[in-house]
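Student: This one is data.cif, mmCIF, C-alpha atoms.
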```cif
data_upload
loop_
_atom_site.group_PDB
_atom_site.id
_atom_site.type_symbol
_atom_site.label_atom_id
_atom_site.label_comp_id
_atom_site.auth_asym_id
_atom_site.auth_seq_id
_atom_site.Cartn_x
_atom_site.Cartn_y
_atom_site.Cartn_z
ATOM 1 C CA MET A 1 0.000 0.000 0.000
ATOM 2 C CA LYS A 2 1.357 3.458 -0.905
ATOM 3 C CA PRO A 3 2.142 5.810 2.032
ATOM 4 C CA PHE A 4 -0.726 8.221 1.242
ATOM 5 C CA ALA A 5 -3.213 5.386 0.793
ATOM 6 C CA ALA A 6 -1.983 3.764 4.013
ATOM 7 C CA SER A 7 -2.449 6.975 6.003
ATOM 8 C CA ARG A 8 -5.993 7.400 4.581
ATOM 9 C CA PHE A 9 -6.756 3.780 5.478
ATOM 10 C CA ILE A 10 -5.495 4.284 9.040
ATOM 11 C CA ALA A 11 -7.490 7.512 9.432
ATOM 12 C CA ARG A 12 -10.651 5.835 8.105
ATOM 13 C CA SER A 13 -10.061 2.725 10.231
ATOM 14 C CA THR A 14 -9.458 4.847 13.317
ATOM 15 C CA ALA A 15 -12.689 6.768 12.754
ATOM 16 C CA VAL A 16 -14.659 3.542 12.320
ATOM 17 C CA VAL A 17 -13.163 1.904 15.420
ATOM 18 C CA MET A 18 -13.699 5.006 17.567
ATOM 19 C CA ALA A 19 -17.330 5.218 16.425
ATOM 20 C CA ILE A 20 -17.823 1.545 17.271
ATOM 21 C CA PHE A 21 -16.226 2.049 20.699
ATOM 22 C CA ALA A 22 -18.441 5.022 21.391
ATOM 23 C CA GLY A 23 -21.574 3.079 20.579
ATOM 24 C CA ALA A 24 -20.655 -0.123 22.403
ATOM 25 C CA MET A 25 -20.339 1.001 26.006
ATOM 26 C CA SER A 26 -22.447 -1.445 27.924
ATOM 27 C CA VAL A 27 -20.118 -3.451 30.065
ATOM 28 C CA SER A 28 -21.372 -5.876 32.677
ATOM 29 C CA CYS A 29 -18.983 -7.230 35.230
ATOM 30 C CA GLU A 30 -20.107 -10.803 35.575
ATOM 31 C CA ALA A 31 -17.742 -13.327 37.106
ATOM 32 C CA VAL A 32 -15.335 -15.090 34.756
ATOM 33 C CA ALA A 33 -14.722 -18.815 34.631
ATOM 34 C CA ALA A 34 -10.962 -18.766 35.230
ATOM 35 C CA PRO A 35 -8.769 -15.986 36.616
ATOM 36 C CA LEU A 36 -6.578 -14.142 34.142
ATOM 37 C CA PRO A 37 -2.811 -13.979 34.692
ATOM 38 C CA GLU A 38 -1.864 -11.187 37.068
ATOM 39 C CA GLN A 39 -0.295 -8.097 35.515
ATOM 40 C CA PRO A 40 2.033 -6.583 38.142
ATOM 41 C CA ASP A 41 2.211 -3.082 36.648
ATOM 42 C CA SER A 42 -0.160 -1.125 34.497
ATOM 43 C CA ASP A 43 1.485 0.847 31.716
ATOM 44 C CA ILE A 44 -1.624 2.983 31.333
ATOM 45 C CA GLY A 45 0.314 6.157 32.154
ATOM 46 C CA TYR A 46 -1.187 6.936 35.566
ATOM 47 C CA HIS A 47 -0.669 5.576 39.086
ATOM 48 C CA SER A 48 -4.375 5.649 39.931
ATOM 49 C CA VAL A 49 -7.773 5.915 38.301
ATOM 50 C CA ALA A 50 -8.353 9.201 40.119
ATOM 51 C CA MET A 51 -5.136 10.697 38.705
ATOM 52 C CA ALA A 52 -6.143 9.646 35.178
ATOM 53 C CA TYR A 53 -9.590 11.174 35.566
ATOM 54 C CA VAL A 54 -8.334 14.498 36.936
ATOM 55 C CA ASP A 55 -5.665 14.835 34.240
ATOM 56 C CA LEU A 56 -7.863 13.841 31.307
ATOM 57 C CA SER A 57 -10.865 15.902 32.425
ATOM 58 C CA THR A 58 -8.742 19.064 32.375
ATOM 59 C CA LYS A 59 -6.559 18.287 29.369
ATOM 60 C CA PRO A 60 -7.157 20.433 26.255
ATOM 61 C CA GLY A 61 -8.445 18.499 23.249
ATOM 62 C CA ILE A 62 -10.151 15.775 25.294
ATOM 63 C CA GLU A 63 -13.892 15.379 24.771
ATOM 64 C CA ILE A 64 -15.780 14.083 27.826
ATOM 65 C CA SER A 65 -19.107 12.277 27.432
ATOM 66 C CA ASN A 66 -21.272 9.820 29.321
ATOM 67 C CA GLN A 67 -22.448 6.507 27.876
ATOM 68 C CA ASN A 68 -24.479 4.024 29.889
ATOM 69 C CA GLY A 69 -23.145 5.597 33.077
ATOM 70 C CA TRP A 70 -19.497 5.295 32.038
ATOM 71 C CA THR A 71 -17.482 8.488 31.638
ATOM 72 C CA ILE A 72 -15.752 8.474 28.253
ATOM 73 C CA ALA A 73 -12.739 10.673 27.507
ATOM 74 C CA THR A 74 -11.983 10.766 23.784
ATOM 75 C CA ASP A 75 -8.613 11.971 22.536
ATOM 76 C CA VAL A 76 -9.020 12.062 18.760
ATOM 77 C CA ALA A 77 -5.462 13.316 18.168
ATOM 78 C CA ALA A 78 -4.010 10.321 20.034
ATOM 79 C CA LYS A 79 -6.647 7.927 18.603
ATOM 80 C CA THR A 80 -7.474 6.961 22.187
ATOM 81 C CA ILE A 81 -10.650 6.387 24.176
ATOM 82 C CA TRP A 82 -10.576 6.250 27.963
ATOM 83 C CA SER A 83 -13.533 4.593 29.733
ATOM 84 C CA PHE A 84 -14.135 5.235 33.455
ATOM 85 C CA ALA A 85 -16.452 2.952 35.427
ATOM 86 C CA PRO A 86 -19.256 4.770 37.252
ATOM 87 C CA GLN A 87 -19.572 4.897 41.011
ATOM 88 C CA GLY A 88 -21.871 2.097 42.100
ATOM 89 C CA ASP A 89 -20.538 -0.243 39.399
ATOM 90 C CA PRO A 90 -18.777 -3.330 40.832
ATOM 91 C CA SER A 91 -15.662 -2.430 38.832
ATOM 92 C CA TYR A 92 -15.382 1.094 40.277
ATOM 93 C CA PRO A 93 -12.749 2.517 40.275
ATOM 94 C CA THR A 94 -11.514 1.338 36.882
ATOM 95 C CA VAL A 95 -10.215 3.028 33.742
ATOM 96 C CA VAL A 96 -9.704 1.334 30.386
ATOM 97 C CA ARG A 97 -7.518 2.909 27.695
ATOM 98 C CA ARG A 98 -8.080 1.739 24.110
ATOM 99 C CA GLN A 99 -5.851 3.110 21.383
ATOM 100 C CA VAL A 100 -5.929 2.495 17.661
ATOM 101 C CA VAL A 101 -2.401 1.946 16.320
ATOM 102 C CA GLN A 102 -0.728 0.505 13.262
ATOM 103 C CA GLU A 103 1.502 -2.537 13.772
ATOM 104 C CA ALA A 104 3.103 -4.512 10.950
ATOM 105 C CA GLY A 105 0.827 -2.873 8.399
ATOM 106 C CA ALA A 106 -2.372 -3.690 10.281
ATOM 107 C CA VAL A 107 -4.623 -1.464 12.370
ATOM 108 C CA VAL A 108 -4.918 -2.896 15.889
ATOM 109 C CA ILE A 109 -6.561 -1.912 19.150
ATOM 110 C CA LYS A 110 -4.211 -1.722 22.134
ATOM 111 C CA THR A 111 -6.042 -1.996 25.441
ATOM 112 C CA ARG A 112 -4.691 -1.240 28.894
ATOM 113 C CA VAL A 113 -6.685 -1.483 32.127
ATOM 114 C CA LEU A 114 -6.120 0.052 35.541
ATOM 115 C CA CYS A 115 -8.613 -1.595 37.877
ATOM 116 C CA GLU A 116 -8.724 -0.939 41.616
ATOM 117 C CA ALA A 117 -11.594 -3.367 42.322
ATOM 118 C CA THR A 118 -11.391 -7.059 43.213
ATOM 119 C CA LYS A 119 -9.362 -9.381 40.979
ATOM 120 C CA ALA A 120 -12.453 -11.280 39.806
ATOM 121 C CA THR A 121 -14.228 -8.049 38.892
ATOM 122 C CA CYS A 122 -11.144 -6.689 37.137
ATOM 123 C CA ASP A 123 -10.798 -9.934 35.160
ATOM 124 C CA ALA A 124 -14.435 -9.566 34.070
ATOM 125 C CA VAL A 125 -13.777 -5.995 32.884
ATOM 126 C CA VAL A 126 -10.754 -7.122 30.865
ATOM 127 C CA GLN A 127 -12.738 -9.900 29.223
ATOM 128 C CA GLN A 128 -15.682 -7.616 28.459
ATOM 129 C CA PHE A 129 -13.421 -5.093 26.754
ATOM 130 C CA GLU A 130 -11.616 -7.851 24.854
ATOM 131 C CA GLY A 131 -15.042 -8.854 23.546
ATOM 132 C CA LEU A 132 -15.841 -5.252 22.539
ATOM 133 C CA ASN A 133 -12.475 -5.027 20.780
ATOM 134 C CA ALA A 134 -13.166 -8.247 18.883
ATOM 135 C CA GLN A 135 -16.529 -6.862 17.769
ATOM 136 C CA ALA A 136 -14.905 -3.606 16.637
ATOM 137 C CA SER A 137 -12.204 -5.484 14.739
ATOM 138 C CA ALA A 138 -14.768 -7.691 13.013
ATOM 139 C CA GLN A 139 -16.873 -4.692 12.002
ATOM 140 C CA LEU A 140 -13.784 -2.888 10.759
ATOM 141 C CA LYS A 141 -12.781 -5.873 8.607
ATOM 142 C CA GLY A 142 -16.307 -6.005 7.222
ATOM 143 C CA ARG A 143 -16.121 -2.370 6.097
ATOM 144 C CA ASN A 144 -12.791 -2.644 4.267
#
```
Will you turn the file into structure tokens for me?

Tutor:
Amino acid sequence: MKPFAASRFIARSTAVVMAIFAGAMSVSCEAVAAPLPEQPDSDIGYHSVAMAYVDLSTKPGIEISNQNGWTIATDVAAKTIWSFAPQGDPSYPTVVRRQVVQEAGAVVIKTRVLCEATKATCDAVVQQFEGLNAQASAQLKGRN
């Protein structure tokens, strides 16, 4: 693929994935069958969910919205969507960062989670978002 065509494809793919993410925010935190491997450190960029929320809610260029109770911070320039669990949700406090990137010529969704709830609840959040990512990827493939 030529560089200009590749950049148009990435821009179009990013727009499609971000639209799918925005419309798919209904996460339920049901228990999972088997625990996921423990991740000792989150490379999400913040030490706590509260720090992420304060920084993103005051950062220029970030659009804040609410979908199904979740606070969504959209950073179009960074091709990133941040999803914050609402108070009262079993997964609170949790933030999920999903970023659309290009790797080896393919558009992929990189997901990072910072969850301060119980391990079982955090595992359920990870699996729910993996499912949303799979749906987004399948829809993206269907449009190209």

Student: With distances taken over only C-alpha atoms, which of A:Glu38, A:Ser48, A:Val96, A:Ile72 is nearest to A:Glu130?

Tutor: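 Smallest distance to A:Glu130 is found for A:Val96.
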
Student: Fewer than 5 positions away in the same chain doesn't count, so skip those; otherwise give me all residues within 12 Å of A:Ser91, counting all atoms listed in the file, as a PyMOL selection string.

Tutor: chain A and resi 27-31+49+70+83-86+96+113-126+128

Student: Which value, in Å to one decimal, gives the distance between atom CA of A:Ile62 and atom CA of A:Val95?

Tutor: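 Interatomic distance here is 15.3 Å.
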
Student: Mind giving me the straight-line distance from atom CA of A:Ala52 to atom CA of A:Phe129 in Å, one decimal?

Tutor: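 Here the two named atoms are 18.5 Å from each other.
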
Student: Using only C-alpha atoms, find the one residue out of A:Leu132, A:Thr94, A:Val108, A:Glu103 that sits nearest to A:Ile44.

Tutor: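 Between A:Leu132, A:Thr94, A:Val108, A:Glu103, the residue approaching A:Ile44 most closely is A:Thr94.
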
Student: Measure the distance from atom CA of A:Ala136 to atom CA of A:Trp82 in Å and round it to one decimal.

Tutor: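 Here the two named atoms are 15.6 Å from each other.
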
Student: Nearest to A:Tyr92 among A:Ala50, A:Thr74, A:Asn68, A:Ala134, with distances taken over only C-alpha atoms: which residue is it?

Tutor: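 Among the listed residues, A:Ala50 lies closest to A:Tyr92.
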
Student: Which residues match the PyMOL selection byres ((chain A and resi 73) around 12) in the file above, as number ranges by chain?

Tutor: A: 18, 21-22, 52-67, 70-72, 74-76, 78-85, 95-99
